[in-house]
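Below is the file run_27.cif, which contains mmCIF, C-alpha atoms and all ligand atoms.
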```cif
data_model
#
loop_
_atom_site.label_atom_id
_atom_site.label_comp_id
_atom_site.auth_asym_id
_atom_site.auth_seq_id
_atom_site.Cartn_x
_atom_site.Cartn_y
_atom_site.Cartn_z
CA MET A 758 -177.96 -231.97 53.16
CA SER A 759 -177.52 -228.30 52.17
CA ASN A 760 -175.50 -227.65 49.05
CA ASN A 761 -173.29 -225.31 51.06
CA ARG A 762 -172.19 -227.96 53.51
CA VAL A 763 -168.62 -229.25 53.01
CA GLN A 764 -168.09 -232.73 54.39
CA ILE A 765 -164.94 -233.25 56.42
CA PHE A 766 -163.28 -236.61 55.68
CA ASP A 767 -160.56 -237.20 58.24
CA THR A 768 -157.71 -239.49 57.22
CA THR A 769 -155.42 -238.96 60.25
CA LEU A 770 -155.69 -242.68 61.03
CA ARG A 771 -154.89 -243.79 57.47
CA ASP A 772 -152.87 -241.30 55.36
CA GLY A 773 -151.56 -239.71 58.59
CA GLU A 774 -150.75 -242.87 60.47
CA GLN A 775 -148.91 -244.51 57.56
CA VAL A 776 -146.04 -242.02 58.05
CA PRO A 777 -142.87 -243.34 59.74
CA GLY A 778 -142.88 -242.44 63.43
CA CYS A 779 -146.66 -241.88 63.55
CA LYS A 780 -147.62 -245.52 64.14
CA LEU A 781 -150.34 -246.04 66.74
CA ASN A 782 -151.69 -249.12 68.46
CA THR A 783 -155.40 -249.97 68.32
CA GLN A 784 -156.11 -248.44 71.74
CA GLN A 785 -154.54 -245.12 70.74
CA LYS A 786 -156.49 -245.16 67.47
CA LEU A 787 -159.75 -245.73 69.35
CA VAL A 788 -159.11 -242.68 71.54
CA ILE A 789 -158.46 -240.53 68.46
CA ALA A 790 -161.46 -241.94 66.56
CA GLU A 791 -163.75 -241.12 69.48
CA ARG A 792 -162.37 -237.58 69.61
CA LEU A 793 -162.83 -237.13 65.84
CA ASP A 794 -166.45 -238.23 66.19
CA LEU A 795 -166.93 -235.67 68.97
CA LEU A 796 -165.22 -233.01 66.85
CA GLY A 797 -167.94 -233.57 64.25
CA VAL A 798 -166.06 -234.98 61.27
CA ASP A 799 -168.37 -236.58 58.69
CA VAL A 800 -166.09 -239.46 57.73
CA ILE A 801 -163.27 -241.23 59.58
CA GLU A 802 -160.92 -243.15 57.32
CA ALA A 803 -159.94 -245.73 59.91
CA GLY A 804 -157.25 -247.60 57.98
CA PHE A 805 -156.29 -249.91 55.12
CA PRO A 806 -157.65 -253.24 56.40
CA ILE A 807 -155.72 -255.59 54.12
CA SER A 808 -152.39 -253.94 54.92
CA SER A 809 -151.89 -255.77 58.24
CA PRO A 810 -153.84 -257.76 60.86
CA GLY A 811 -153.35 -254.81 63.24
CA ASP A 812 -154.94 -252.38 60.80
CA PHE A 813 -157.82 -254.79 60.21
CA THR A 814 -158.50 -254.99 63.95
CA SER A 815 -158.30 -251.21 64.31
CA VAL A 816 -160.85 -250.64 61.54
CA GLU A 817 -163.12 -253.30 63.05
CA GLU A 818 -162.91 -251.84 66.58
CA ILE A 819 -163.35 -248.25 65.36
CA SER A 820 -166.43 -249.42 63.41
CA LYS A 821 -167.93 -250.74 66.65
CA LEU A 822 -167.11 -247.59 68.61
CA VAL A 823 -168.00 -244.66 66.36
CA LYS A 824 -171.53 -243.34 66.84
CA ASN A 825 -172.05 -240.58 64.29
CA ALA A 826 -169.42 -240.45 61.57
CA THR A 827 -169.21 -242.72 58.54
CA VAL A 828 -166.34 -245.18 58.99
CA CYS A 829 -164.28 -245.82 55.89
CA GLY A 830 -161.68 -248.41 54.88
CA LEU A 831 -159.18 -248.04 52.02
CA THR A 832 -158.62 -250.66 49.32
CA ARG A 833 -156.86 -251.06 46.00
CA ALA A 834 -158.94 -252.03 42.98
CA ASN A 835 -159.00 -255.76 43.59
CA LYS A 836 -161.48 -258.25 45.02
CA LYS A 837 -159.40 -259.46 47.97
CA ASP A 838 -158.79 -255.92 49.30
CA ILE A 839 -162.47 -255.10 48.96
CA GLU A 840 -163.68 -258.32 50.66
CA VAL A 841 -161.32 -257.73 53.59
CA ALA A 842 -162.38 -254.07 53.94
CA ALA A 843 -166.06 -255.04 53.86
CA ASP A 844 -165.39 -257.59 56.60
CA ALA A 845 -163.53 -255.05 58.77
CA LEU A 846 -166.41 -252.56 58.35
CA LYS A 847 -169.21 -255.02 59.10
CA TYR A 848 -170.07 -253.46 62.51
CA ALA A 849 -170.07 -249.85 61.29
CA LYS A 850 -173.35 -247.95 61.49
CA ARG A 851 -172.39 -246.11 58.30
CA PRO A 852 -169.72 -248.08 56.41
CA ARG A 853 -167.90 -246.74 53.34
CA ILE A 854 -165.45 -248.54 51.07
CA HIS A 855 -162.81 -246.26 49.53
CA THR A 856 -161.47 -248.01 46.46
CA GLY A 857 -159.49 -246.76 43.50
CA ILE A 858 -156.61 -246.94 41.08
CA GLY A 859 -153.93 -244.72 39.53
CA THR A 860 -155.12 -242.87 36.44
CA SER A 861 -152.16 -240.70 35.36
CA GLU A 862 -150.00 -241.66 32.40
CA SER A 863 -147.08 -242.58 34.64
CA HIS A 864 -149.19 -244.74 36.98
CA ILE A 865 -150.81 -246.57 34.05
CA LYS A 866 -147.50 -247.11 32.26
CA PHE A 867 -145.06 -247.78 35.11
CA LYS A 868 -147.19 -249.00 38.03
CA PHE A 869 -149.66 -251.13 36.14
CA ALA A 870 -148.06 -251.66 32.69
CA SER A 871 -151.59 -251.31 31.45
CA THR A 872 -153.73 -249.21 29.12
CA GLN A 873 -156.27 -246.46 29.71
CA GLU A 874 -159.16 -248.71 28.67
CA LYS A 875 -158.12 -251.54 31.00
CA ILE A 876 -157.83 -249.11 33.91
CA ILE A 877 -161.38 -247.88 33.29
CA GLU A 878 -162.56 -251.53 33.37
CA ARG A 879 -160.74 -252.19 36.65
CA ALA A 880 -162.14 -249.01 38.17
CA TYR A 881 -165.68 -249.92 37.13
CA ASP A 882 -165.33 -253.50 38.43
CA ALA A 883 -163.89 -252.37 41.79
CA VAL A 884 -166.78 -250.00 42.43
CA ALA A 885 -169.40 -252.51 41.24
CA PHE A 886 -167.88 -255.21 43.50
CA SER A 887 -167.74 -252.82 46.49
CA LYS A 888 -171.42 -252.03 45.93
CA SER A 889 -172.24 -255.70 46.56
CA PHE A 890 -171.16 -255.09 50.21
CA VAL A 891 -172.01 -251.48 51.03
CA GLU A 892 -174.16 -248.71 49.60
CA ASP A 893 -171.60 -245.94 50.15
CA VAL A 894 -168.60 -246.34 47.83
CA GLU A 895 -165.96 -243.70 47.25
CA PHE A 896 -163.67 -243.99 44.24
CA TYR A 897 -160.19 -242.39 44.16
CA ALA A 898 -158.39 -241.66 40.91
CA GLU A 899 -154.88 -241.76 42.27
CA ASP A 900 -152.61 -239.02 40.85
CA ALA A 901 -155.65 -237.26 39.40
CA GLY A 902 -153.67 -234.03 39.79
CA ARG A 903 -151.44 -235.15 36.90
CA THR A 904 -154.16 -237.00 34.96
CA ASP A 905 -155.44 -235.59 31.69
CA ASN A 906 -158.86 -234.04 32.36
CA GLU A 907 -160.66 -235.66 29.42
CA TYR A 908 -159.50 -239.12 30.40
CA LEU A 909 -160.26 -238.46 34.06
CA ALA A 910 -163.80 -237.48 33.07
CA ARG A 911 -164.22 -240.84 31.28
CA VAL A 912 -162.98 -242.75 34.35
CA LEU A 913 -165.41 -240.89 36.59
CA GLU A 914 -168.34 -241.46 34.25
CA ALA A 915 -167.64 -245.19 34.42
CA VAL A 916 -167.41 -245.35 38.22
CA ILE A 917 -170.54 -243.25 38.64
CA LYS A 918 -172.34 -245.74 36.37
CA ALA A 919 -171.03 -248.53 38.61
CA GLY A 920 -172.59 -246.82 41.64
CA ALA A 921 -169.91 -244.60 43.22
CA THR A 922 -171.40 -242.12 45.70
CA VAL A 923 -168.24 -240.00 46.08
CA VAL A 924 -165.46 -239.36 43.57
CA ASN A 925 -162.09 -238.41 45.02
CA ILE A 926 -159.67 -236.31 42.94
CA PRO A 927 -156.32 -236.69 44.71
CA ASP A 928 -153.40 -234.42 43.97
CA THR A 929 -151.31 -237.34 45.16
CA THR A 930 -147.94 -235.73 44.50
CA GLY A 931 -148.88 -232.22 45.65
CA TYR A 932 -147.96 -230.79 42.25
CA CYS A 933 -151.00 -228.70 41.26
CA LEU A 934 -151.31 -224.95 41.64
CA PRO A 935 -154.57 -223.81 43.24
CA ASP A 936 -156.03 -222.32 40.04
CA GLU A 937 -155.12 -225.49 38.13
CA TYR A 938 -156.68 -227.77 40.74
CA GLY A 939 -159.78 -225.56 40.95
CA ALA A 940 -160.08 -225.60 37.15
CA LYS A 941 -159.86 -229.40 37.18
CA ILE A 942 -162.79 -229.65 39.59
CA LYS A 943 -164.76 -227.14 37.51
CA TYR A 944 -164.05 -229.11 34.33
CA LEU A 945 -165.26 -232.35 35.94
CA LYS A 946 -168.34 -230.64 37.34
CA GLU A 947 -169.20 -229.41 33.85
CA ASN A 948 -168.24 -232.41 31.75
CA VAL A 949 -168.94 -235.65 33.64
CA LYS A 950 -172.35 -237.24 33.13
CA GLY A 951 -174.00 -237.93 36.47
CA ILE A 952 -171.56 -235.78 38.48
CA ASP A 953 -174.39 -233.84 40.14
CA ASN A 954 -175.58 -237.04 41.81
CA VAL A 955 -172.28 -237.66 43.60
CA ILE A 956 -169.98 -235.72 45.92
CA ILE A 957 -166.64 -234.54 44.55
CA SER A 958 -163.84 -234.89 47.11
CA CYS A 959 -160.48 -233.08 47.33
CA HIS A 960 -157.48 -235.01 48.62
CA CYS A 961 -154.42 -232.77 48.39
CA HIS A 962 -150.83 -233.34 49.43
CA ASN A 963 -148.48 -230.67 50.67
CA ASP A 964 -145.25 -231.25 48.74
CA LEU A 965 -145.15 -227.60 47.65
CA GLY A 966 -147.03 -226.24 50.66
CA LEU A 967 -150.27 -225.91 48.67
CA ALA A 968 -152.46 -228.66 50.14
CA THR A 969 -154.76 -226.30 52.02
CA ALA A 970 -154.96 -223.73 49.19
CA ASN A 971 -155.76 -226.49 46.68
CA ALA A 972 -158.54 -227.98 48.82
CA ILE A 973 -160.10 -224.53 49.19
CA ALA A 974 -159.86 -223.97 45.42
CA GLY A 975 -161.61 -227.34 45.03
CA VAL A 976 -164.61 -226.42 47.17
CA GLN A 977 -164.83 -222.99 45.53
CA ASN A 978 -165.29 -224.84 42.25
CA GLY A 979 -167.92 -227.34 43.33
CA ALA A 980 -166.26 -230.05 45.44
CA ARG A 981 -168.17 -230.76 48.66
CA GLN A 982 -165.79 -233.00 50.60
CA ILE A 983 -162.28 -232.27 51.86
CA GLU A 984 -159.93 -235.08 52.88
CA CYS A 985 -157.59 -233.86 55.57
CA THR A 986 -155.70 -234.75 58.72
CA ILE A 987 -155.23 -233.21 62.14
CA ASN A 988 -152.06 -231.07 62.07
CA GLY A 989 -151.72 -231.83 58.34
CA ILE A 990 -149.76 -235.03 58.97
CA GLY A 991 -149.53 -237.53 56.12
CA GLU A 992 -147.40 -239.07 53.42
CA ARG A 993 -144.18 -237.07 52.76
CA ALA A 994 -144.95 -233.36 53.44
CA GLY A 995 -148.43 -234.29 54.59
CA ASN A 996 -152.05 -233.62 53.70
CA THR A 997 -154.42 -230.69 53.91
CA ALA A 998 -154.68 -229.70 57.60
CA LEU A 999 -158.20 -230.13 58.97
CA GLU A 1000 -157.93 -227.20 61.37
CA GLU A 1001 -156.83 -224.90 58.53
CA VAL A 1002 -159.62 -225.62 56.06
CA VAL A 1003 -162.27 -225.56 58.78
CA MET A 1004 -161.12 -222.16 60.05
CA ILE A 1005 -160.71 -220.75 56.53
CA LEU A 1006 -164.35 -221.57 55.77
CA LYS A 1007 -165.48 -220.22 59.15
CA GLN A 1008 -163.52 -216.97 58.88
CA HIS A 1009 -164.70 -216.29 55.32
CA PRO A 1010 -168.48 -216.50 55.65
CA TYR A 1011 -169.05 -214.82 52.25
CA LEU A 1012 -167.85 -218.10 50.66
CA ASN A 1013 -171.11 -219.46 52.04
CA LEU A 1014 -169.57 -222.85 52.78
CA ASP A 1015 -169.61 -224.46 56.18
CA THR A 1016 -168.64 -227.63 58.00
CA GLY A 1017 -170.14 -229.47 60.96
CA ILE A 1018 -166.97 -229.14 63.04
CA ASN A 1019 -167.07 -227.97 66.67
CA THR A 1020 -164.09 -225.65 66.27
CA LYS A 1021 -163.67 -225.21 70.04
CA LEU A 1022 -162.23 -228.75 70.15
CA LEU A 1023 -159.56 -228.13 67.49
CA TYR A 1024 -156.67 -227.22 69.78
CA ASP A 1025 -157.21 -230.11 72.19
CA THR A 1026 -157.58 -232.55 69.31
CA SER A 1027 -154.35 -231.27 67.82
CA LEU A 1028 -152.56 -231.81 71.17
CA LEU A 1029 -154.01 -235.33 71.46
CA VAL A 1030 -152.66 -236.27 68.01
CA GLN A 1031 -149.28 -234.60 68.67
CA ARG A 1032 -148.84 -236.50 71.93
CA SER A 1033 -150.11 -239.87 70.70
CA MET A 1034 -147.95 -239.83 67.59
CA GLY A 1035 -144.95 -238.05 69.08
CA MET A 1036 -145.17 -235.68 66.10
CA ILE A 1037 -144.98 -232.16 67.52
CA VAL A 1038 -146.11 -229.33 65.22
CA GLN A 1039 -143.83 -226.38 64.51
CA PRO A 1040 -144.53 -223.34 66.74
CA ASN A 1041 -145.65 -221.24 63.76
CA LYS A 1042 -148.18 -223.87 62.56
CA ALA A 1043 -151.38 -222.09 61.52
CA VAL A 1044 -154.30 -222.32 63.97
CA VAL A 1045 -152.79 -224.79 66.47
CA GLY A 1046 -149.07 -223.90 66.74
CA GLU A 1047 -147.69 -222.56 70.00
CA ASN A 1048 -147.17 -219.12 68.43
CA ALA A 1049 -150.45 -218.99 66.47
CA PHE A 1050 -151.87 -216.46 68.99
CA ALA A 1051 -148.63 -215.15 70.50
CA HIS A 1052 -147.57 -211.57 69.90
CA SER A 1053 -143.96 -210.55 70.37
CA SER A 1054 -143.16 -207.26 68.64
CA GLY A 1055 -143.85 -204.09 70.58
CA ILE A 1056 -146.04 -202.59 67.83
CA HIS A 1057 -148.23 -205.69 67.60
CA GLN A 1058 -148.45 -206.09 71.38
CA ASP A 1059 -149.56 -202.51 71.82
CA GLY A 1060 -152.28 -203.03 69.17
CA VAL A 1061 -153.54 -206.33 70.61
CA ILE A 1062 -153.68 -204.94 74.16
CA LYS A 1063 -155.82 -202.04 72.85
CA ASN A 1064 -157.99 -204.31 70.73
CA ARG A 1065 -157.36 -207.98 69.88
CA GLU A 1066 -158.68 -207.58 66.34
CA THR A 1067 -155.85 -205.24 65.32
CA TYR A 1068 -153.59 -208.24 64.80
CA GLU A 1069 -155.81 -211.32 65.10
CA ILE A 1070 -158.21 -212.51 62.40
CA MET A 1071 -159.74 -215.19 64.58
CA ASP A 1072 -160.65 -215.44 68.24
CA PRO A 1073 -158.35 -217.96 69.99
CA ALA A 1074 -161.36 -219.10 72.03
CA ASP A 1075 -163.00 -220.28 68.77
CA VAL A 1076 -160.33 -222.96 68.38
CA GLY A 1077 -160.12 -223.79 72.08
CA VAL A 1078 -157.07 -221.67 72.99
CA THR A 1079 -157.79 -219.81 76.24
CA GLU A 1080 -156.23 -216.48 75.27
CA SER A 1081 -153.75 -214.65 73.09
CA SER A 1082 -150.33 -214.44 74.64
CA ILE A 1083 -148.12 -211.42 74.98
CA VAL A 1084 -144.56 -212.73 74.91
CA LEU A 1085 -141.99 -210.52 76.61
CA THR A 1086 -138.73 -210.15 74.69
CA ALA A 1087 -136.31 -207.35 73.95
CA ARG A 1088 -138.69 -206.35 71.13
CA SER A 1089 -141.53 -205.69 73.59
CA GLY A 1090 -142.70 -202.19 74.43
CA ARG A 1091 -143.90 -200.54 77.64
CA ALA A 1092 -147.51 -201.50 77.03
CA ALA A 1093 -146.61 -205.19 76.98
CA LEU A 1094 -144.50 -204.96 80.13
CA ALA A 1095 -147.27 -203.09 81.97
CA TYR A 1096 -149.84 -205.65 80.76
CA ARG A 1097 -147.82 -208.68 81.85
CA ALA A 1098 -146.84 -207.05 85.16
CA LYS A 1099 -150.52 -206.40 85.87
CA ASN A 1100 -151.27 -210.06 85.14
CA VAL A 1101 -149.00 -211.04 88.02
CA GLY A 1102 -150.12 -208.35 90.45
CA TYR A 1103 -148.27 -205.09 89.74
CA ASP A 1104 -150.34 -202.12 88.63
CA LEU A 1105 -147.44 -199.92 87.50
CA THR A 1106 -147.68 -196.15 87.62
CA LYS A 1107 -146.14 -194.23 84.71
CA ILE A 1108 -143.11 -193.32 86.86
CA GLU A 1109 -142.59 -196.93 87.96
CA LEU A 1110 -142.86 -198.13 84.37
CA ASP A 1111 -140.29 -195.53 83.23
CA ASP A 1112 -137.92 -196.77 85.95
CA VAL A 1113 -138.31 -200.47 85.32
CA TYR A 1114 -138.47 -200.50 81.50
CA PRO A 1115 -134.73 -199.81 80.79
CA GLN A 1116 -133.76 -202.59 83.21
CA PHE A 1117 -136.29 -204.87 81.64
CA LEU A 1118 -134.67 -204.24 78.22
CA LYS A 1119 -131.18 -205.01 79.56
CA PHE A 1120 -132.45 -208.23 81.10
CA ALA A 1121 -134.40 -209.17 77.94
CA ASP A 1122 -131.34 -208.58 75.74
CA LYS A 1123 -129.52 -211.27 77.75
CA HIS A 1124 -132.43 -213.73 77.83
CA LYS A 1125 -134.65 -214.98 75.02
CA GLU A 1126 -137.87 -214.51 76.90
CA VAL A 1127 -138.90 -212.84 80.16
CA ASN A 1128 -141.21 -215.01 82.23
CA ASP A 1129 -143.47 -214.30 85.23
CA GLU A 1130 -140.74 -215.18 87.72
CA ASP A 1131 -138.36 -212.72 86.01
CA ILE A 1132 -141.04 -210.02 86.28
CA HIS A 1133 -141.30 -210.57 90.06
CA HIS A 1134 -137.51 -210.33 90.32
CA LEU A 1135 -137.40 -207.05 88.34
CA MET A 1136 -140.16 -205.55 90.46
CA GLU A 1137 -138.42 -206.52 93.70
CA LEU A 1138 -135.17 -204.94 92.49
CA ASN A 1139 -137.10 -201.72 91.84
CA HIS A 1140 -139.07 -201.88 95.07
CA VAL A 1141 -142.38 -201.92 93.24
CA ALA A 1142 -145.13 -203.02 95.59
CA LYS A 1143 -147.78 -205.54 94.63
CA SER A 1144 -151.21 -204.02 94.12
CA ASN A 1145 -153.03 -207.37 94.26
CA THR A 1146 -154.94 -206.57 91.13
CA ALA A 1147 -153.67 -209.58 89.23
CA ILE A 1148 -155.96 -210.36 86.26
O1 LIG A 1201 -152.79 -239.51 47.95
C1 LIG A 1201 -153.56 -240.36 47.48
O2 LIG A 1201 -153.75 -240.45 46.27
C2 LIG A 1201 -154.20 -241.26 48.40
C3 LIG A 1201 -155.25 -242.17 47.85
C4 LIG A 1201 -155.07 -243.56 48.32
C5 LIG A 1201 -156.62 -241.63 48.18
O3 LIG A 1201 -153.94 -241.23 49.59
ZN ZN A 1202 -152.97 -239.34 50.12
#
```
How does this structure look as structure tokens?
Ligand code: KIV
Ligand code: ZN
Amino acid sequence: MSNNRVQIFDTTLRDGEQVPGCKLNTQQKLVIAERLDLLGVDVIEAGFPISSPGDFTSVEEISKLVKNATVCGLTRANKKDIEVAADALKYAKRPRIHTGIGTSESHIKFKFASTQEKIIERAYDAVAFSKSFVEDVEFYAEDAGRTDNEYLARVLEAVIKAGATVVNIPDTTGYCLPDEYGAKIKYLKENVKGIDNVIISCHCHNDLGLATANAIAGVQNGARQIECTINGIGERAGNTALEEVVMILKQHPYLNLDTGINTKLLYDTSLLVQRSMGMIVQPNKAVVGENAFAHSSGIHQDGVIKNRETYEIMDPADVGVTESSIVLTARSGRAALAYRAKNVGYDLTKIELDDVYPQFLKFADKHKEVNDEDIHHLMELNHVAKSNTAI
């Protein structure tokens, strides 16, 4: 695989689904897994098999269904978790076990009441044991974002010796700044023996709104896998949003990094996840929000009508949105009114537009938005005839 290819590891069905209110049944998970495979993700993290019989069944059924992507199951660093995950993944064409342990001072002290050396031993043993079931083993150093870099490098050296194929550097608490996270990846790339033989993965949380920026900083510094979710759902404030990182890499070709994602399916996939989970994204959500390609101020509308690129840095069609929308409000100008009127069949002359526009503004001041029906009403009041040139 080219060194410029960034693998997309989708964890909508694991980190995303573990959020309250986002619970799915196996059938719903199968529909999403099939869509993710079609979208072109490289890895689907299908669940945490030991967590419940339902999750085990989902991972097993997804393993049977998925044709192209690697199917992955999460475990903690213990034998029982790993055995159960291996069992759930037994039908997968490309199975991966994702095992790991907390490596920060607070995790070692408070979660495990352990020592740095004992954690390295457990990490090594978990990877070595996973390797007895599958070839592809990813190791996560939980809370790597707050783990001392020198110690983290020692942990990674051990798991690479044990056979890890991917090393995941989670900013579990979403604390890192992008330059700090990027520098961490660079440090590991330069200081861990054997690191060039494995893929470094970014798994960033959004507690300070930096999950996407941190993942991008990671790949700019040598990581080649991004863990993300559709719509950025996930624990607390969520994870890196898949649609955001994919479009950032696509819209910045000079970074020379690409993914295998069919971007035209992004919007529909986002809607599928929103509807299945009942978790509706905010209208201003980047890439897939209702307003992501909607223009409402008169100045912007005039620019977009003249040339879309004046106010849009990506083509809505590239993410599966049919077209940009010109929203009519009291902030809209004449160009927007003429454009929307033409859409519904009125080719306004300059004189007609001058007559209708003040009434349009009065109406718009009273209502939040002026819709197609309102336009017909305004035109009838002004005796404007239809030209039948609706576009
Ligand atoms: O945020 C995190 O650290 C995780 C790991 C289990 C990969 O989700
Ligand atoms: Zn996570």
Quick check, in Å to one decimal: how far apart do CA of Arg771 in chain A and CA of Ala803 in chain A lie? 5.9 Å
What lies within 10 Å of range 1045-1049 of chain A using only C-alpha atoms, ignoring chain neighbours under 3 positions off, as a PyMOL selection string? chain A and resi 987-988+1000-1001+1023-1028+1037-1042+1052-1053+1069+1073+1076-1078+1081-1082+1084
For those residues, write C-alpha atoms to a file as a PDB file, keeping the file's coordinate frame.
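Output below, filename out_39.pdb:
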```pdb
ATOM      1  CA  ILE A 987    -155.230-233.210  62.140  1.00  0.00           C
ATOM      2  CA  ASN A 988    -152.060-231.070  62.070  1.00  0.00           C
ATOM      3  CA  GLU A1000    -157.930-227.200  61.370  1.00  0.00           C
ATOM      4  CA  GLU A1001    -156.830-224.900  58.530  1.00  0.00           C
ATOM      5  CA  LEU A1023    -159.560-228.130  67.490  1.00  0.00           C
ATOM      6  CA  TYR A1024    -156.670-227.220  69.780  1.00  0.00           C
ATOM      7  CA  ASP A1025    -157.210-230.110  72.190  1.00  0.00           C
ATOM      8  CA  THR A1026    -157.580-232.550  69.310  1.00  0.00           C
ATOM      9  CA  SER A1027    -154.350-231.270  67.820  1.00  0.00           C
ATOM     10  CA  LEU A1028    -152.560-231.810  71.170  1.00  0.00           C
ATOM     11  CA  ILE A1037    -144.980-232.160  67.520  1.00  0.00           C
ATOM     12  CA  VAL A1038    -146.110-229.330  65.220  1.00  0.00           C
ATOM     13  CA  GLN A1039    -143.830-226.380  64.510  1.00  0.00           C
ATOM     14  CA  PRO A1040    -144.530-223.340  66.740  1.00  0.00           C
ATOM     15  CA  ASN A1041    -145.650-221.240  63.760  1.00  0.00           C
ATOM     16  CA  LYS A1042    -148.180-223.870  62.560  1.00  0.00           C
ATOM     17  CA  HIS A1052    -147.570-211.570  69.900  1.00  0.00           C
ATOM     18  CA  SER A1053    -143.960-210.550  70.370  1.00  0.00           C
ATOM     19  CA  GLU A1069    -155.810-211.320  65.100  1.00  0.00           C
ATOM     20  CA  PRO A1073    -158.350-217.960  69.990  1.00  0.00           C
ATOM     21  CA  VAL A1076    -160.330-222.960  68.380  1.00  0.00           C
ATOM     22  CA  GLY A1077    -160.120-223.790  72.080  1.00  0.00           C
ATOM     23  CA  VAL A1078    -157.070-221.670  72.990  1.00  0.00           C
ATOM     24  CA  SER A1081    -153.750-214.650  73.090  1.00  0.00           C
ATOM     25  CA  SER A1082    -150.330-214.440  74.640  1.00  0.00           C
ATOM     26  CA  VAL A1084    -144.560-212.730  74.910  1.00  0.00           C
TER      27      VAL A1084
END
```
List all protein, DNA and RNA residues that have at least one atom no more than 7 Å from any atom of ligand ZN 1202 (chain A), counting all atoms listed in the file, and write them as a list in words. Asp772, Pro927, Thr929, His960, Cys961, His962, Glu992 and Asn996 of chain A
If the limit is 10 Å from any atom of ligand LIG 1201 (chain A), counting only C-alpha atoms and all ligand atoms, which residues qualify? Return them as a PyMOL selection string. chain A and resi 768+771-773+775+805+831-833+855-859+895-902+925-931+958-962+984+991-992+995-996
Now that the selection is made, can you save its residues with C-alpha atoms as a PDB file, keeping the file's coordinate frame?
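This is the output file selection-v9.pdb:
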```pdb
ATOM      1  CA  THR A 768    -157.710-239.490  57.220  1.00  0.00           C
ATOM      2  CA  ARG A 771    -154.890-243.790  57.470  1.00  0.00           C
ATOM      3  CA  ASP A 772    -152.870-241.300  55.360  1.00  0.00           C
ATOM      4  CA  GLY A 773    -151.560-239.710  58.590  1.00  0.00           C
ATOM      5  CA  GLN A 775    -148.910-244.510  57.560  1.00  0.00           C
ATOM      6  CA  PHE A 805    -156.290-249.910  55.120  1.00  0.00           C
ATOM      7  CA  LEU A 831    -159.180-248.040  52.020  1.00  0.00           C
ATOM      8  CA  THR A 832    -158.620-250.660  49.320  1.00  0.00           C
ATOM      9  CA  ARG A 833    -156.860-251.060  46.000  1.00  0.00           C
ATOM     10  CA  HIS A 855    -162.810-246.260  49.530  1.00  0.00           C
ATOM     11  CA  THR A 856    -161.470-248.010  46.460  1.00  0.00           C
ATOM     12  CA  GLY A 857    -159.490-246.760  43.500  1.00  0.00           C
ATOM     13  CA  ILE A 858    -156.610-246.940  41.080  1.00  0.00           C
ATOM     14  CA  GLY A 859    -153.930-244.720  39.530  1.00  0.00           C
ATOM     15  CA  GLU A 895    -165.960-243.700  47.250  1.00  0.00           C
ATOM     16  CA  PHE A 896    -163.670-243.990  44.240  1.00  0.00           C
ATOM     17  CA  TYR A 897    -160.190-242.390  44.160  1.00  0.00           C
ATOM     18  CA  ALA A 898    -158.390-241.660  40.910  1.00  0.00           C
ATOM     19  CA  GLU A 899    -154.880-241.760  42.270  1.00  0.00           C
ATOM     20  CA  ASP A 900    -152.610-239.020  40.850  1.00  0.00           C
ATOM     21  CA  ALA A 901    -155.650-237.260  39.400  1.00  0.00           C
ATOM     22  CA  GLY A 902    -153.670-234.030  39.790  1.00  0.00           C
ATOM     23  CA  ASN A 925    -162.090-238.410  45.020  1.00  0.00           C
ATOM     24  CA  ILE A 926    -159.670-236.310  42.940  1.00  0.00           C
ATOM     25  CA  PRO A 927    -156.320-236.690  44.710  1.00  0.00           C
ATOM     26  CA  ASP A 928    -153.400-234.420  43.970  1.00  0.00           C
ATOM     27  CA  THR A 929    -151.310-237.340  45.160  1.00  0.00           C
ATOM     28  CA  THR A 930    -147.940-235.730  44.500  1.00  0.00           C
ATOM     29  CA  GLY A 931    -148.880-232.220  45.650  1.00  0.00           C
ATOM     30  CA  SER A 958    -163.840-234.890  47.110  1.00  0.00           C
ATOM     31  CA  CYS A 959    -160.480-233.080  47.330  1.00  0.00           C
ATOM     32  CA  HIS A 960    -157.480-235.010  48.620  1.00  0.00           C
ATOM     33  CA  CYS A 961    -154.420-232.770  48.390  1.00  0.00           C
ATOM     34  CA  HIS A 962    -150.830-233.340  49.430  1.00  0.00           C
ATOM     35  CA  GLU A 984    -159.930-235.080  52.880  1.00  0.00           C
ATOM     36  CA  GLY A 991    -149.530-237.530  56.120  1.00  0.00           C
ATOM     37  CA  GLU A 992    -147.400-239.070  53.420  1.00  0.00           C
ATOM     38  CA  GLY A 995    -148.430-234.290  54.590  1.00  0.00           C
ATOM     39  CA  ASN A 996    -152.050-233.620  53.700  1.00  0.00           C
TER      40      ASN A 996
END
```
Give as a ChimeraX atom specification the set of residues within 10 Å of the point (-159.8, -233.9, 28.7), where distances use the file's coordinates and all atoms listed in the file. /A:904-911,941,944-945,948
Expected file contents, prior selection, C-alpha atoms, as an mmCIF file, in the coordinates of the input:
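Dumped everything to again15.cif:
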```cif
data_model
loop_
_atom_site.group_PDB
_atom_site.id
_atom_site.type_symbol
_atom_site.label_atom_id
_atom_site.label_comp_id
_atom_site.auth_asym_id
_atom_site.auth_seq_id
_atom_site.Cartn_x
_atom_site.Cartn_y
_atom_site.Cartn_z
ATOM 1 C CA THR A 904 -154.160 -237.000 34.960
ATOM 2 C CA ASP A 905 -155.440 -235.590 31.690
ATOM 3 C CA ASN A 906 -158.860 -234.040 32.360
ATOM 4 C CA GLU A 907 -160.660 -235.660 29.420
ATOM 5 C CA TYR A 908 -159.500 -239.120 30.400
ATOM 6 C CA LEU A 909 -160.260 -238.460 34.060
ATOM 7 C CA ALA A 910 -163.800 -237.480 33.070
ATOM 8 C CA ARG A 911 -164.220 -240.840 31.280
ATOM 9 C CA LYS A 941 -159.860 -229.400 37.180
ATOM 10 C CA TYR A 944 -164.050 -229.110 34.330
ATOM 11 C CA LEU A 945 -165.260 -232.350 35.940
ATOM 12 C CA ASN A 948 -168.240 -232.410 31.750
#
```
